[in-house]
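J.: Coordinates in protein30.cif, mmCIF, C-alpha atoms, are listed below.
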data_target
#
loop_
_atom_site.label_atom_id
_atom_site.label_comp_id
_atom_site.auth_asym_id
_atom_site.auth_seq_id
_atom_site.Cartn_x
_atom_site.Cartn_y
_atom_site.Cartn_z
CA MET A 1 0.00 0.00 0.00
CA THR A 2 1.20 3.47 -0.84
CA MET A 3 1.26 6.07 1.89
CA ALA A 4 -0.64 8.98 0.43
CA LYS A 5 1.12 12.22 1.23
CA ARG A 6 -0.76 15.37 2.16
CA ASP A 7 -1.84 17.22 -0.97
CA THR A 8 0.46 20.23 -1.02
CA TYR A 9 0.34 20.52 -4.81
CA THR A 10 -0.32 23.68 -6.71
CA PRO A 11 -1.76 23.29 -10.22
CA GLU A 12 1.77 23.99 -11.50
CA SER A 13 3.65 21.43 -9.45
CA LEU A 14 1.01 18.78 -10.16
CA LEU A 15 1.34 19.59 -13.85
CA ALA A 16 5.11 19.03 -13.70
CA VAL A 17 4.54 15.52 -12.30
CA ALA A 18 1.90 14.74 -14.92
CA VAL A 19 4.10 15.88 -17.82
CA LYS A 20 6.94 13.69 -16.60
CA VAL A 21 4.64 10.64 -16.50
CA PHE A 22 3.07 11.48 -19.90
CA ASN A 23 6.54 11.69 -21.46
CA GLU A 24 7.67 8.42 -19.87
CA ARG A 25 4.56 6.30 -20.54
CA GLY A 26 3.01 8.17 -23.43
CA TYR A 27 -0.24 10.08 -22.92
CA ASP A 28 -2.41 7.15 -24.06
CA GLY A 29 -0.55 4.77 -21.76
CA THR A 30 -1.06 6.96 -18.68
CA SER A 31 -4.06 6.43 -16.37
CA MET A 32 -5.24 8.59 -13.46
CA GLU A 33 -3.96 5.70 -11.32
CA HIS A 34 -0.43 6.23 -12.69
CA LEU A 35 -0.66 9.95 -12.02
CA SER A 36 -1.92 9.33 -8.50
CA LYS A 37 1.00 6.98 -7.77
CA ALA A 38 3.59 9.32 -9.27
CA ALA A 39 2.24 12.31 -7.34
CA GLY A 40 1.78 10.32 -4.14
CA ILE A 41 -1.74 11.67 -3.63
CA SER A 42 -5.15 10.11 -4.14
CA LYS A 43 -7.09 10.30 -7.38
CA SER A 44 -9.76 12.41 -5.68
CA SER A 45 -7.05 14.88 -4.65
CA ILE A 46 -6.03 15.14 -8.30
CA TYR A 47 -9.68 15.71 -9.29
CA HIS A 48 -9.67 18.54 -6.77
CA HIS A 49 -7.16 20.32 -9.06
CA VAL A 50 -8.28 19.22 -12.53
CA LYS A 51 -11.35 17.74 -14.18
CA SER A 52 -9.53 15.07 -16.17
CA LYS A 53 -6.31 13.68 -17.59
CA GLU A 54 -7.08 15.58 -20.78
CA GLU A 55 -7.22 18.87 -18.86
CA LEU A 56 -3.67 18.21 -17.61
CA LEU A 57 -2.60 17.57 -21.19
CA ARG A 58 -4.23 20.81 -22.34
CA LEU A 59 -2.59 22.83 -19.57
CA ALA A 60 0.83 21.34 -20.30
CA ILE A 61 0.59 21.85 -24.03
CA SER A 62 -0.78 25.38 -23.61
CA ARG A 63 2.31 26.26 -21.60
CA ALA A 64 4.59 25.14 -24.45
CA LEU A 65 2.47 26.78 -27.15
CA ASP A 66 2.08 30.08 -25.29
CA GLU A 67 5.85 30.39 -24.93
CA LEU A 68 6.45 29.49 -28.56
CA PHE A 69 3.82 31.85 -29.97
CA ALA A 70 5.05 34.65 -27.68
CA VAL A 71 8.37 34.46 -29.56
CA LEU A 72 6.61 35.39 -32.82
CA GLY A 73 5.45 38.65 -31.24
CA GLU A 74 8.83 39.73 -29.89
CA PRO A 75 10.50 42.75 -31.56
CA GLY A 76 13.28 40.57 -33.03
CA ALA A 77 10.63 38.49 -34.80
CA VAL A 78 8.67 41.36 -36.33
CA GLU A 79 11.21 44.08 -37.11
CA GLY A 80 13.79 44.13 -39.84
CA ARG A 81 14.70 41.92 -42.76
CA ALA A 82 13.07 38.47 -42.91
CA ILE A 83 16.36 36.56 -42.74
CA GLY A 84 17.25 38.29 -39.47
CA ARG A 85 13.77 37.65 -38.05
CA LEU A 86 14.05 34.02 -39.11
CA GLU A 87 17.37 33.58 -37.33
CA TYR A 88 15.94 35.32 -34.28
CA VAL A 89 12.88 33.04 -34.20
CA THR A 90 15.07 29.96 -34.68
CA ARG A 91 17.33 30.95 -31.78
CA ARG A 92 14.42 31.78 -29.47
CA THR A 93 12.55 28.59 -30.44
CA VAL A 94 15.57 26.54 -29.39
CA GLU A 95 15.79 28.53 -26.15
CA VAL A 96 12.10 27.96 -25.34
CA LEU A 97 12.44 24.29 -26.24
CA LEU A 98 15.33 23.89 -23.79
CA ALA A 99 13.80 26.04 -21.03
CA GLU A 100 10.48 24.17 -21.26
CA LEU A 101 11.93 20.83 -22.35
CA PRO A 102 9.32 18.43 -20.85
CA TYR A 103 6.40 20.60 -22.05
CA VAL A 104 7.72 20.99 -25.60
CA THR A 105 8.64 17.28 -25.71
CA LEU A 106 5.03 16.45 -24.87
CA LEU A 107 3.77 18.88 -27.52
CA LEU A 108 6.00 17.31 -30.18
CA ARG A 109 4.88 13.78 -29.32
CA VAL A 110 1.10 14.16 -29.36
CA ARG A 111 -0.50 12.20 -32.14
CA GLY A 112 -4.11 13.30 -32.41
CA ASN A 113 -6.37 10.79 -30.65
CA THR A 114 -8.33 13.38 -28.63
CA ASP A 115 -9.70 16.87 -29.27
CA THR A 116 -6.88 18.35 -27.22
CA GLU A 117 -4.25 16.49 -29.24
CA ARG A 118 -5.82 17.54 -32.54
CA TRP A 119 -5.93 21.14 -31.29
CA ALA A 120 -2.25 20.88 -30.30
CA MET A 121 -1.34 19.58 -33.75
CA ASP A 122 -3.29 22.41 -35.41
CA ARG A 123 -1.48 24.99 -33.31
CA ARG A 124 1.90 23.39 -34.11
CA ARG A 125 1.09 23.51 -37.81
CA GLU A 126 0.13 27.18 -37.40
CA PHE A 127 3.49 27.90 -35.74
CA ASP A 128 5.38 26.03 -38.47
CA HIS A 129 3.33 27.89 -41.07
CA GLN A 130 4.30 31.28 -39.65
CA VAL A 131 7.98 30.30 -39.70
CA ALA A 132 7.58 28.99 -43.25
CA GLU A 133 6.21 32.43 -44.21
CA LEU A 134 9.42 33.99 -42.87
CA LEU A 135 11.46 31.59 -45.01
CA LYS A 136 9.36 32.51 -48.04
CA GLN A 137 9.92 36.20 -47.41
CA ALA A 138 13.66 35.65 -46.91
CA ALA A 139 13.75 33.71 -50.18
CA ALA A 140 11.90 36.54 -51.94
CA ASP A 141 14.49 38.97 -50.54
CA GLY A 142 17.23 36.87 -52.16
CA ASP A 143 18.65 35.91 -48.75
CA LEU A 144 18.09 32.16 -49.04
CA ARG A 145 19.82 29.88 -51.51
CA GLU A 146 17.59 29.06 -54.43
CA ASP A 147 18.47 25.39 -54.84
CA VAL A 148 16.61 24.32 -51.68
CA ASP A 149 12.83 24.39 -51.86
CA VAL A 150 11.31 26.54 -49.09
CA ARG A 151 9.00 23.76 -47.89
CA LEU A 152 11.87 21.29 -47.68
CA ALA A 153 14.03 23.85 -45.90
CA THR A 154 11.27 24.44 -43.33
CA ARG A 155 10.97 20.70 -42.72
CA LEU A 156 14.71 20.26 -42.31
CA LEU A 157 15.03 23.29 -40.03
CA PHE A 158 12.28 22.01 -37.74
CA GLY A 159 13.67 18.48 -38.05
CA MET A 160 16.94 19.74 -36.65
CA ILE A 161 15.33 21.87 -33.93
CA ASN A 162 12.75 19.29 -32.83
CA SER A 163 15.34 16.50 -32.69
CA ILE A 164 16.85 18.31 -29.70
CA VAL A 165 14.15 16.89 -27.40
CA GLU A 166 15.37 13.40 -28.34
CA TRP A 167 19.00 13.83 -27.30
CA TYR A 168 19.39 16.88 -25.04
CA ARG A 169 19.76 15.85 -21.40
CA PRO A 170 20.47 18.89 -19.20
CA GLU A 171 21.50 16.69 -16.26
CA ARG A 172 24.38 15.07 -18.19
CA GLY A 173 27.81 16.36 -17.28
CA GLY A 174 29.60 18.20 -20.04
CA ALA A 175 26.35 18.81 -21.89
CA ALA A 176 26.19 21.83 -24.14
CA THR A 177 24.49 24.91 -22.70
CA SER A 178 21.32 26.33 -24.15
CA ASP A 179 23.34 29.10 -25.82
CA GLU A 180 25.75 26.62 -27.40
CA VAL A 181 22.91 24.51 -28.81
CA ALA A 182 21.09 27.56 -30.16
CA ALA A 183 24.30 28.86 -31.75
CA ALA A 184 25.06 25.44 -33.28
CA VAL A 185 21.60 25.29 -34.85
CA ILE A 186 21.93 28.81 -36.26
CA HIS A 187 25.42 28.16 -37.62
CA THR A 188 24.53 24.78 -39.10
CA ALA A 189 21.22 25.76 -40.64
CA PHE A 190 21.84 29.29 -41.81
CA SER A 191 25.30 29.30 -43.15
CA GLY A 192 23.73 26.60 -45.28
CA LEU A 193 20.41 28.22 -46.08
CA ARG A 194 21.63 31.77 -46.49
CA THR A 195 23.12 32.72 -49.83
CA HIS A 196 26.87 33.13 -49.71
CA ARG A 197 28.16 36.64 -49.52
CA MET B 1 -15.48 -13.41 -38.32
CA THR B 2 -12.62 -12.76 -40.70
CA MET B 3 -12.28 -14.89 -43.78
CA ALA B 4 -8.74 -16.23 -43.56
CA LYS B 5 -7.05 -16.09 -46.94
CA ARG B 6 -4.75 -18.78 -48.20
CA ASP B 7 -1.23 -18.24 -46.91
CA THR B 8 0.65 -17.11 -50.00
CA TYR B 9 3.14 -15.07 -48.00
CA THR B 10 6.85 -15.21 -48.41
CA PRO B 11 8.93 -14.22 -45.38
CA GLU B 12 9.48 -10.86 -47.14
CA SER B 13 5.89 -10.01 -47.91
CA LEU B 14 4.81 -11.04 -44.40
CA LEU B 15 7.55 -8.81 -43.02
CA ALA B 16 6.22 -5.84 -44.99
CA VAL B 17 2.80 -6.28 -43.38
CA ALA B 18 4.30 -6.64 -39.90
CA VAL B 19 6.43 -3.51 -40.27
CA LYS B 20 3.41 -1.50 -41.33
CA VAL B 21 1.47 -2.63 -38.25
CA PHE B 22 4.47 -2.06 -35.93
CA ASN B 23 4.81 1.50 -37.22
CA GLU B 24 1.09 2.19 -36.85
CA ARG B 25 0.51 0.65 -33.41
CA GLY B 26 4.00 0.70 -31.97
CA TYR B 27 5.88 -2.56 -31.46
CA ASP B 28 4.74 -2.93 -27.82
CA GLY B 29 1.14 -2.26 -28.81
CA THR B 30 1.11 -4.96 -31.51
CA SER B 31 -0.03 -8.50 -30.73
CA MET B 32 0.17 -11.62 -32.90
CA GLU B 33 -3.60 -11.20 -33.15
CA HIS B 34 -3.14 -7.78 -34.78
CA LEU B 35 -0.60 -9.22 -37.20
CA SER B 36 -2.89 -12.12 -38.05
CA LYS B 37 -5.77 -9.71 -38.79
CA ALA B 38 -3.61 -7.37 -40.87
CA ALA B 39 -2.15 -10.24 -42.90
CA GLY B 40 -5.49 -12.00 -43.24
CA ILE B 41 -4.00 -15.35 -42.26
CA SER B 42 -4.18 -17.33 -39.03
CA LYS B 43 -1.69 -16.99 -36.20
CA SER B 44 -0.50 -20.54 -36.79
CA SER B 45 0.24 -19.62 -40.42
CA ILE B 46 2.39 -16.77 -39.14
CA TYR B 47 4.17 -19.17 -36.79
CA HIS B 48 4.88 -21.27 -39.84
CA HIS B 49 7.08 -18.39 -41.08
CA VAL B 50 8.55 -17.01 -37.86
CA LYS B 51 9.00 -18.07 -34.25
CA SER B 52 7.73 -14.88 -32.66
CA LYS B 53 6.79 -11.23 -32.97
CA GLU B 54 10.33 -10.42 -31.85
CA GLU B 55 11.78 -12.39 -34.75
CA LEU B 56 9.77 -10.22 -37.17
CA LEU B 57 11.16 -7.15 -35.43
CA ARG B 58 14.71 -8.48 -35.70
CA LEU B 59 14.29 -9.30 -39.42
CA ALA B 60 12.84 -5.86 -40.14
CA ILE B 61 15.50 -4.00 -38.23
CA SER B 62 18.28 -6.12 -39.74
CA ARG B 63 17.12 -5.10 -43.18
CA ALA B 64 17.45 -1.39 -42.29
CA LEU B 65 20.77 -1.84 -40.49
CA ASP B 66 22.31 -4.00 -43.23
CA GLU B 67 21.54 -1.35 -45.84
CA LEU B 68 22.86 1.46 -43.64
CA PHE B 69 26.09 -0.33 -42.70
CA ALA B 70 26.65 -1.35 -46.33
CA VAL B 71 26.91 2.38 -47.14
CA LEU B 72 29.91 2.69 -44.84
CA GLY B 73 31.78 0.11 -46.92
CA GLU B 74 31.10 1.71 -50.33
CA PRO B 75 34.07 3.27 -52.14
CA GLY B 76 32.67 6.80 -51.68
CA ALA B 77 32.65 6.26 -47.93
CA VAL B 78 36.20 4.97 -47.59
CA GLU B 79 38.24 6.77 -50.26
CA GLY B 80 39.36 10.35 -50.29
CA ARG B 81 39.17 13.28 -47.90
CA ALA B 82 36.92 12.88 -44.84
CA ILE B 83 34.63 15.79 -45.77
CA GLY B 84 33.88 14.16 -49.12
CA ARG B 85 33.26 10.79 -47.48
CA LEU B 86 31.01 12.45 -44.93
CA GLU B 87 28.91 14.11 -47.63
CA TYR B 88 28.74 10.81 -49.50
CA VAL B 89 27.59 8.92 -46.39
CA THR B 90 25.00 11.60 -45.63
CA ARG B 91 23.58 11.45 -49.14
CA ARG B 92 23.47 7.64 -49.19
CA THR B 93 21.97 7.49 -45.68
CA VAL B 94 19.10 9.71 -46.85
CA GLU B 95 18.70 7.53 -49.95
CA VAL B 96 18.56 4.32 -47.88
CA LEU B 97 16.16 5.95 -45.44
CA LEU B 98 13.78 6.86 -48.28
CA ALA B 99 14.16 3.56 -50.15
CA GLU B 100 13.54 1.54 -46.98
CA LEU B 101 11.27 4.09 -45.28
CA PRO B 102 9.09 1.74 -43.15
CA TYR B 103 12.10 -0.32 -42.04
CA VAL B 104 14.24 2.67 -41.06
CA THR B 105 11.22 4.31 -39.39
CA LEU B 106 10.84 1.20 -37.22
CA LEU B 107 14.57 1.21 -36.44
CA LEU B 108 14.46 4.85 -35.35
CA ARG B 109 11.45 4.30 -33.11
CA VAL B 110 12.56 1.28 -31.08
CA ARG B 111 13.01 2.13 -27.45
CA GLY B 112 14.83 -0.77 -25.80
CA ASN B 113 12.30 -2.97 -23.99
CA THR B 114 13.54 -6.29 -25.44
CA ASP B 115 16.94 -7.78 -26.33
CA THR B 116 16.25 -7.14 -30.00
CA GLU B 117 15.43 -3.48 -29.35
CA ARG B 118 18.53 -3.02 -27.22
CA TRP B 119 20.64 -4.65 -29.93
CA ALA B 120 19.06 -2.31 -32.51
CA MET B 121 19.88 0.71 -30.37
CA ASP B 122 23.49 -0.48 -29.95
CA ARG B 123 23.86 -0.89 -33.69
CA ARG B 124 22.36 2.56 -34.31
CA ARG B 125 24.81 4.06 -31.86
CA GLU B 126 27.63 2.23 -33.65
CA PHE B 127 26.50 3.71 -36.97
CA ASP B 128 26.26 7.21 -35.49
CA HIS B 129 29.68 6.70 -33.92
CA GLN B 130 31.26 5.84 -37.27
CA VAL B 131 29.75 8.93 -38.85
CA ALA B 132 30.92 11.02 -35.86
CA GLU B 133 34.46 9.72 -36.53
CA LEU B 134 34.20 11.07 -40.08
CA LEU B 135 33.14 14.46 -38.70
CA LYS B 136 36.12 14.39 -36.31
CA GLN B 137 38.48 13.59 -39.15
CA ALA B 138 36.97 16.32 -41.33
CA ALA B 139 37.38 18.77 -38.42
CA ALA B 140 41.02 17.70 -37.99
CA ASP B 141 41.52 18.32 -41.73
CA GLY B 142 40.26 21.88 -41.22
CA ASP B 143 37.19 21.20 -43.40
CA LEU B 144 34.56 21.82 -40.71
CA ARG B 145 33.89 25.13 -39.02
CA GLU B 146 35.45 25.29 -35.58
CA ASP B 147 32.65 27.06 -33.73
CA VAL B 148 30.33 24.03 -33.76
CA ASP B 149 31.31 21.17 -31.47
CA VAL B 150 31.66 17.88 -33.39
CA ARG B 151 29.28 16.01 -31.05
CA LEU B 152 26.63 18.71 -31.43
CA ALA B 153 27.13 18.76 -35.19
CA THR B 154 26.64 14.98 -35.33
CA ARG B 155 23.43 15.24 -33.30
CA LEU B 156 22.05 18.01 -35.50
CA LEU B 157 22.99 16.24 -38.71
CA PHE B 158 21.21 13.05 -37.61
CA GLY B 159 18.37 15.15 -36.19
CA MET B 160 17.82 16.57 -39.64
CA ILE B 161 18.21 13.24 -41.45
CA ASN B 162 16.10 11.19 -39.03
CA SER B 163 13.30 13.76 -39.01
CA ILE B 164 12.62 12.79 -42.62
CA VAL B 165 10.73 9.67 -41.47
CA GLU B 166 8.30 11.96 -39.62
CA TRP B 167 7.27 14.07 -42.59
CA TYR B 168 8.21 12.36 -45.86
CA ARG B 169 5.18 10.76 -47.48
CA PRO B 170 6.06 9.32 -50.91
CA GLU B 171 2.40 8.94 -51.84
CA ARG B 172 1.66 12.67 -51.53
CA GLY B 173 1.38 14.50 -54.79
CA GLY B 174 4.06 17.07 -55.42
CA ALA B 175 6.36 15.49 -52.85
CA ALA B 176 10.07 15.96 -53.27
CA THR B 177 11.98 13.11 -54.86
CA SER B 178 14.62 11.15 -53.02
CA ASP B 179 17.34 13.07 -54.91
CA GLU B 180 15.83 16.43 -54.00
CA VAL B 181 15.62 15.54 -50.33
CA ALA B 182 19.18 14.21 -50.27
CA ALA B 183 20.46 17.32 -52.03
CA ALA B 184 18.55 19.60 -49.64
CA VAL B 185 20.09 17.86 -46.63
CA ILE B 186 23.59 18.12 -48.10
CA HIS B 187 23.16 21.78 -49.02
CA THR B 188 21.59 22.74 -45.71
CA ALA B 189 23.95 20.84 -43.47
CA PHE B 190 27.26 21.18 -45.27
CA SER B 191 27.33 24.64 -46.59
CA GLY B 192 26.84 25.34 -42.91
CA LEU B 193 29.23 22.84 -41.43
CA ARG B 194 31.95 23.20 -43.99
CA THR B 195 34.36 26.13 -43.57
CA HIS B 196 33.83 28.87 -46.09
CA ARG B 197 36.25 28.94 -48.92
#
Would you encode the structure as structure tokens?

T.:
Amino acid sequence: MTMAKRDTYTPESLLAVAVKVFNERGYDGTSMEHLSKAAGISKSSIYHHVKSKEELLRLAISRALDELFAVLGEPGAVEGRAIGRLEYVTRRTVEVLLAELPYVTLLLRVRGNTDTERWAMDRRREFDHQVAELLKQAAADGDLREDVDVRLATRLLFGMINSIVEWYRPERGGAATSDEVAAAVIHTAFSGLRTHR
Amino acid sequence: MTMAKRDTYTPESLLAVAVKVFNERGYDGTSMEHLSKAAGISKSSIYHHVKSKEELLRLAISRALDELFAVLGEPGAVEGRAIGRLEYVTRRTVEVLLAELPYVTLLLRVRGNTDTERWAMDRRREFDHQVAELLKQAAADGDLREDVDVRLATRLLFGMINSIVEWYRPERGGAATSDEVAAAVIHTAFSGLRTHR
């Protein structure tokens, strides 16, 4: 029998536990029972904070999406030449991904079995679309090489960025810092995508 | 009740069905019952071809790994300057990935719950390691930019390549060809990673 601990959770700290379990077991493979065990509180205590497992998913994914979409409204993302805005958005996307690693990991792994997952996928597509528009504008400005199709370039750029959740482990000794990873992505992607001066 | 069809499978055609189901449901989520339904033959007919679900996994993953490791032995991968060999291996890896898409997808998704999965992950690491050695050699030759750490560069290169299984759909109209995708990866990654002349 598990000793239930006193429920001292805030919605935020409970969410952190839930996201960890979702990422380990997959959202579909996680039951309220699993969440209750991981949090060390009863299921009814969890229902005191949230209506359902899906509400936890929505809260977690909203956190990732809010941070990502906020980037698109920052001055660096809206002012100046498209290529500069694109590099800015790429750098900040990597920073958000690393700062909110479990939340963005969850966002990137959802597959669309529930309304919340389908909504998350729609919002992701919208984000990708807005970045793709920046690539298009940069291409129109003559700042991107012409022999890589803009749609392919967008896919490869996000492929590189999103792969970070698969291998970045902040707790590992000698791991690259957030700044180093962001700089490596920028250097790798853009000295390639940008036309040579 | 399902009408069982006559078992006209070869080991290869049965494997193709199994890989499709593994990729759709996940290996853990697939039972012999699922395979039997998807193939339209009885479980005992499947057991006539293979000993177990795990044997199907091992056959499928071997196919992907054999093709990938074969690349490393091709003349373009062993002759000449490291940067040229690295570009060659990158191009051929993308080609193998696209030619054997379901098999490589399965390989990239295994997570290590069985001996076969752990073996697959070891072999993947060995492949990545051999490519990382090429990057190291190219860096030592002065052919890679110095401001991106070789380990990070390897991660980002594979991040970009491996992401292809997530978005490439050969059946979609207007999709890029294998050559276009390979060229886009080379252009994007190496005009960035290679020092400017």

J.: Wanna dump the range 4-84 of chain A-range 114-132 of chain A contacts at 10 Å for me, each residue with its shortest atom pair and the distance in Å to one decimal, counting all atoms listed in the file, ordered by chain and number, as JSON lines?

T.:
{"residue": "A:Tyr27", "atom": "CA", "partner": "A:Glu117", "partner_atom": "CA", "distance": 9.9}
{"residue": "A:Asp28", "atom": "CA", "partner": "A:Thr114", "partner_atom": "CA", "distance": 9.7}
{"residue": "A:Glu54", "atom": "CA", "partner": "A:Thr116", "partner_atom": "CA", "distance": 7.0}
{"residue": "A:Glu55", "atom": "CA", "partner": "A:Thr116", "partner_atom": "CA", "distance": 8.4}
{"residue": "A:Leu57", "atom": "CA", "partner": "A:Thr116", "partner_atom": "CA", "distance": 7.4}
{"residue": "A:Arg58", "atom": "CA", "partner": "A:Thr116", "partner_atom": "CA", "distance": 6.1}
{"residue": "A:Leu59", "atom": "CA", "partner": "A:Thr116", "partner_atom": "CA", "distance": 9.8}
{"residue": "A:Ile61", "atom": "CA", "partner": "A:Ala120", "partner_atom": "CA", "distance": 7.0}
{"residue": "A:Ser62", "atom": "CA", "partner": "A:Ala120", "partner_atom": "CA", "distance": 8.2}
{"residue": "A:Ala64", "atom": "CA", "partner": "A:Ala120", "partner_atom": "CA", "distance": 10.0}
{"residue": "A:Leu65", "atom": "CA", "partner": "A:Arg123", "partner_atom": "CA", "distance": 7.5}
{"residue": "A:Leu68", "atom": "CA", "partner": "A:Phe127", "partner_atom": "CA", "distance": 7.9}
{"residue": "A:Phe69", "atom": "CA", "partner": "A:Phe127", "partner_atom": "CA", "distance": 7.0}
{"residue": "A:Leu72", "atom": "CA", "partner": "A:Gln130", "partner_atom": "CA", "distance": 8.3}
{"residue": "A:Ala77", "atom": "CA", "partner": "A:Val131", "partner_atom": "CA", "distance": 9.9}

J.: If you measure from CA of Pro75 in chain A to CA of Thr90 in chain A, what distance in Å do you get, rounded to one decimal?

T.: 13.9 Å

J.: Taking the file as shown, what set of residues would the PyMOL selection byres ((chain B and resi 136) around 12) give back, as a ChimeraX atom specification?

T.: /B:82-83,86,129-135,137-146,148-154

J.: Those same residues - C-alpha atoms - I'd like them written as an mmCIF file, in the coordinates of the input.

T.:
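again_38.cif, freshly written:
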data_model
loop_
_atom_site.group_PDB
_atom_site.id
_atom_site.type_symbol
_atom_site.label_atom_id
_atom_site.label_comp_id
_atom_site.auth_asym_id
_atom_site.auth_seq_id
_atom_site.Cartn_x
_atom_site.Cartn_y
_atom_site.Cartn_z
ATOM 1 C CA ALA B 82 36.920 12.880 -44.840
ATOM 2 C CA ILE B 83 34.630 15.790 -45.770
ATOM 3 C CA LEU B 86 31.010 12.450 -44.930
ATOM 4 C CA HIS B 129 29.680 6.700 -33.920
ATOM 5 C CA GLN B 130 31.260 5.840 -37.270
ATOM 6 C CA VAL B 131 29.750 8.930 -38.850
ATOM 7 C CA ALA B 132 30.920 11.020 -35.860
ATOM 8 C CA GLU B 133 34.460 9.720 -36.530
ATOM 9 C CA LEU B 134 34.200 11.070 -40.080
ATOM 10 C CA LEU B 135 33.140 14.460 -38.700
ATOM 11 C CA GLN B 137 38.480 13.590 -39.150
ATOM 12 C CA ALA B 138 36.970 16.320 -41.330
ATOM 13 C CA ALA B 139 37.380 18.770 -38.420
ATOM 14 C CA ALA B 140 41.020 17.700 -37.990
ATOM 15 C CA ASP B 141 41.520 18.320 -41.730
ATOM 16 C CA GLY B 142 40.260 21.880 -41.220
ATOM 17 C CA ASP B 143 37.190 21.200 -43.400
ATOM 18 C CA LEU B 144 34.560 21.820 -40.710
ATOM 19 C CA ARG B 145 33.890 25.130 -39.020
ATOM 20 C CA GLU B 146 35.450 25.290 -35.580
ATOM 21 C CA VAL B 148 30.330 24.030 -33.760
ATOM 22 C CA ASP B 149 31.310 21.170 -31.470
ATOM 23 C CA VAL B 150 31.660 17.880 -33.390
ATOM 24 C CA ARG B 151 29.280 16.010 -31.050
ATOM 25 C CA LEU B 152 26.630 18.710 -31.430
ATOM 26 C CA ALA B 153 27.130 18.760 -35.190
ATOM 27 C CA THR B 154 26.640 14.980 -35.330
#

J.: Return the neighbours of chain A among the residues of chain B, cut-off 12 Å, counting only C-alpha atoms, as a ChimeraX atom specification.

T.: /B:24-26,28-29,108-109,111,144-168,174-197

J.: State, in Å with one decimal place, the distance from CA of Glu87 in chain A to CA of Val89 in chain B.

T.: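 Computed distance, CA of Glu87 in chain A to CA of Val89 in chain B, equals 28.2 Å.
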